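So the structure is just underneath, and the comments pick up after that.
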Amino acid sequence: MAKAEFKVVGTSPARKGGVERVIGKGIYGIDLMLKDQLHGGILRSQYAHAKIISIDTSEAKKIPGVHAVVTAADAPDVRYGRSYFDRYILARNKVRYMGDPVAAVAADSPAVVKQALKKIKVVYEPLPVVIDPEEAMKPEAPTLHEDMPLPKNLPEGVKVKNVCSFAAVRVGDAEKAMAEADVVVNEVYETKMIHPQYLEPRIAAAQVEPNGRITVWANSQGPFPVRQEISKTLGIPLNNVRVIAAELGGGFGGKGSGITSGAAIEPICALLAMKAKRPVMIVLDKAEETISTTIRSGAKLYIKTGVKKDGTIMARIGKVIYDTGGYSGFGAQAGGRCTNMLGGWYLMPNCHIDGYVVYTNKQVCGPVRGPGGPQAAFAVESHMDSIAAKLDMDPGEFRLKNIPKAGDKIVGVPKLRDVSLGETIKIAAEKIGYKKVGAQFIAPALGKNQGIGIATGSWIESAGPGGGAVVKVNEDGSVTVHIGKIDMGTIPGFGIPLIVAEELGVPVEDVTVVNVDTDASPWDAGTVGSRGILVAGTASRLAAIDARNQLFKMAATQLECSPEDLEIVNKQIRVKGTPAKSVSLETVATNAHNVIGEVIGRGYFDNVAAVAEEKAHGSSQPFTTHACIVEVDTMTGNLKILKYVAVHDIGFPIHPVAVEGQIEGAAAMSIGQALCEQVIVDKDGRTMNPSFVDYLMPTINMMPRIETTLIHGYPGSGPYGAKGAGEIACVPPMAAIANAIYNATGVRIKTLPLSPANVLRALKEAGKA
């Protein structure tokens with residue numbers, strides 16, 4: 001579809017509620033105050049690995065103002081998890097990381113809660129701690145989960161321990177092709193664990209209703225998974241659990257994995273409310289967030305690639321060691337994605353990669369923005385530059401030599417409908433300063449210790465869980481939309497109002513997307529996986545079309561025409577070509593009360609149809625290329641990013657400014673991981689930098705202006721040809737910056753972060769300081 005066909009989508013009106021958020025009038029979960037509300041708090045393990053010998057809560061219960069104290073003994077003996085059920089809401093018999101929930105208290109004030117938590121006596125038997133996932137895999141390592149069997153798909157003869165999931169990529173004969181290669185490059189890369197560090201803390205509030213139902217308020221990205229897991233872990237019928245989504249002050253995937261993301265804060269809060277027979281609210285503090293909630297995992301990545309002298313890639317062999325922490329969390333999914341993406345998004349005729357997701361005594365893996373992707377891309381795209389250097393080829397030319405074309409397959413994608421990768425590379429090269437001379441790109445002249453780096457990326461554009469939408473047309477012609485996606489600042493505030501306004505011919509400001517309430521909203525897996533616009537956007541568009549068809553059917557009788565001859569323009573339903581022959585949307589919507597009661601359109605994203613479409617015609621993957629220029633101070637190791645460009649194919653941009661904001665935010669998150677971010681854990685499993693005081697994050701003076709370019713002509717599977725844009729910009733930045741450092745200094749740094757201390761150490765080791 002051409003952009004000119006649309007009146008609303010493709011424009012960038014101000015976000016609904018945006019001003020209120022900026023000036024501090026936004027209402028978030030932490031602002032909630034229930035009648036007779038108690039304060040809740042959680043006692044967390046101070047051991048990374050230990051048996052629980054006993055828990056004595058008697059002294060805590062005696063404190064005036066304490067209304068409930070709960071342990072695992074107060075909850076059903078039921079475990080939870082995503083792929084593997086390996087965890088209790090409150091630790092039972094054993095703790096596996098420092099921050100594991102052990103007991104909880106509800107009391108009149110936060111001060112009384114703290115006093116009571118200190119009075120709970122837990123006797124532990126410390127066990128050996130294992131922090132390094134490679135060490136955890138060894139047969140002599142301590143066993144972290146005695147009752148969790150090793151994956152059944154492990155390669156025959158492999159002797160490992162503490163592996164909770166295994167993934168494999170098998171394409172062609174990688175060993176044979178590697179032996180025939182002219183040049184082989186073999187490297188090892190490592191990324192560190194980071195926390196998403198959203199500003200708003202995790203909250204949960206719960207109350208028992210007069211009819212015995214439980215209502216829970218949660219600032220979760222997935223209210224429906226939270227409802228299901230509360231029901232399961234507390235043994236409550238699903239229809240007796242209601243979850244209302246609170247406004248989110250950031251999530252970045254860190255609030256996206258049901259109750260796993262918050263270490264079961266929601267069912268713990270509900271359990272306290274049931275026992276106290278009073279509403280309870282729990283708010284985590286910053287340090288508690290960092291040590292207990294889900295993180296972006298660290299990974300060690302072994303990558304070996306064989307190429308011909310002309311730069312054609314022949315084979316890749318690799319191994320991923322993915323740290324999932326004390327419990328499986330989102331490890332199987334993120335580690336599997338990381339394993340797949342280590343194969344890259346170039347032509348790869350032969351590929352053999354093993355991916356091990358490993359338990360350690362650290363925080364648990366979550367679906368943090370682009371789960372598994374940034375880690376893999378740091379290795380893949382740094383490695384591509386290493387190969388290019390070995391071949392004495394320009395890094396851009398080497399990439400262009402190996403890009404797929406329409407109809408080709410890449411690792412994890414059996415058929416590509418179209419390929420924008422080459423265009424993103426060429427545009428990024430031009431934007432960063434390359435000059436095209438004939439068929440070649442000539443690099444710009446740079447100053448001393450300055451370097452230019454490029455890195456590409458791809459992300460998921462494929463089938464997944466479905467979702468629905470309901471569109472109600474009110475008597476005044478305004479529209480109310482119900483979807484299962486929560487408002488994280490994107491879909492409900494930007495995309496959905498534009499889509500519905502486009503299809504119903506109403507002003508954007510007349511469209512209201514209501515907050516998620518599991519009693520009233522259509523089911524949805526959550527606002528995760530860059531699937532907001534694909535799922536909720538598609539469903540909302542179809543629901544709006546359904547509502548429009550109902551309006552046309554009723555208006556056609558009044559206007560004495562066929563419904564097919566009608567259109568809506570500026571809230572007027574009129575005959576095409578005869579605008580004077582019309583009736584107001586308000587009149588038809590009001591008259592509906594005496595016909596069908598109310599105009600209610602319904603739509604849903606059909607996953608089965610999406611799978612069939614992709615199988616028949618292939619996938620249009622979103623691709624991107626980022627490029628930057630850096631300056632390295634060889635005396636201090638300090639790094640300054642002088643210029644940064646991001647070129648993206650996200651199909652048709654429903655709201656271009658919102659898309660650019662998503663790209664800038666995602667890129668900034670991974671630039672932070674590149675430059676300074678990491679969760680530091682000592683040998684005993686203790687997090688050494690849990691607060692904003694000591695967890696280093698990039699400040700505004702470290703962050704470059706991100707120049708975003710959107711390319712067109714590669715329609716995706718979403719409404720009007722849109723593609724997801726929330727995560728893909730996380731993929732290239734770390735490698736782009738590392739490649740620029742290499743270009744500036746000749747030193748390849750293979751372990752993150754690229755902090756001044758690490759850069760200076762690498763320069764000294766190479767004799768370049």
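Chain identifiers are assigned as A, B, and so on, following the order in which chains appear in the structure tokens; residues are numbered from 1 within each chain, and ligands are numbered from 1 in order of appearance.
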>> Taking 6 positions as the minimum chain separation for residues in the same chain, which residues sit within 7 Å of Leu43 (chain A) when counting only C-alpha atoms? Answer as a list in words.
In response: Pro101, Val102, Ala103, Ala104 and Leu117 of chain A
> region 212-311 of chain A: which residues are helix (DSSP H, G or I) by DSSP, as a PyMOL selection string?
Replying inline: chain A and resi 223-234+238-240+258-260+265-276+286-292
>> What does the structure give for the distance between CA of Val588 (chain A) and CA of Tyr720 (chain A), in Å to one decimal?
In response: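 Going from CA of Val588 (chain A) over to CA of Tyr720 (chain A), I get 27.6 Å.
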>> So that I can see what lies close to Ala729 (chain A), please list as a ChimeraX atom specification the residues with an atom at most 6 Å from it, counting only C-alpha atoms and leaving out residues fewer than 6 positions away in the same chain.
In response: /A:663,666-667
Do you know which residues are at most 7 Å from Ala107 (chain A) counting only C-alpha atoms, after dropping those on the same chain fewer than 2 positions away, and could you put them as a PDB file with C-alpha atoms, in the first residue's frame?
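Written file, result07.pdb:
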ATOM      1  CA  LEU A  38      -1.453  -2.816  54.728  1.00  0.00           C
ATOM      2  CA  HIS A  39       2.189  -2.649  53.689  1.00  0.00           C
ATOM      3  CA  GLY A  40       3.944  -5.808  52.582  1.00  0.00           C
ATOM      4  CA  GLY A  65       0.862  -3.951  63.852  1.00  0.00           C
ATOM      5  CA  VAL A  66       1.824  -7.218  62.133  1.00  0.00           C
ATOM      6  CA  HIS A  67      -1.231  -8.786  60.512  1.00  0.00           C
ATOM      7  CA  VAL A 105       5.049  -9.887  56.164  1.00  0.00           C
ATOM      8  CA  SER A 109       3.613   0.530  58.201  1.00  0.00           C
ATOM      9  CA  VAL A 112       6.871  -2.370  61.230  1.00  0.00           C
ATOM     10  CA  VAL A 113       7.363  -4.556  58.158  1.00  0.00           C
TER      11      VAL A 113
END
>> For Ala179 (chain A), find every residue with an atom within 12 Å (counting only C-alpha atoms), except residues of its own chain fewer than 6 positions away, and show them as a PyMOL selection string.
In response: chain A and resi 173+304-308+314-317+350
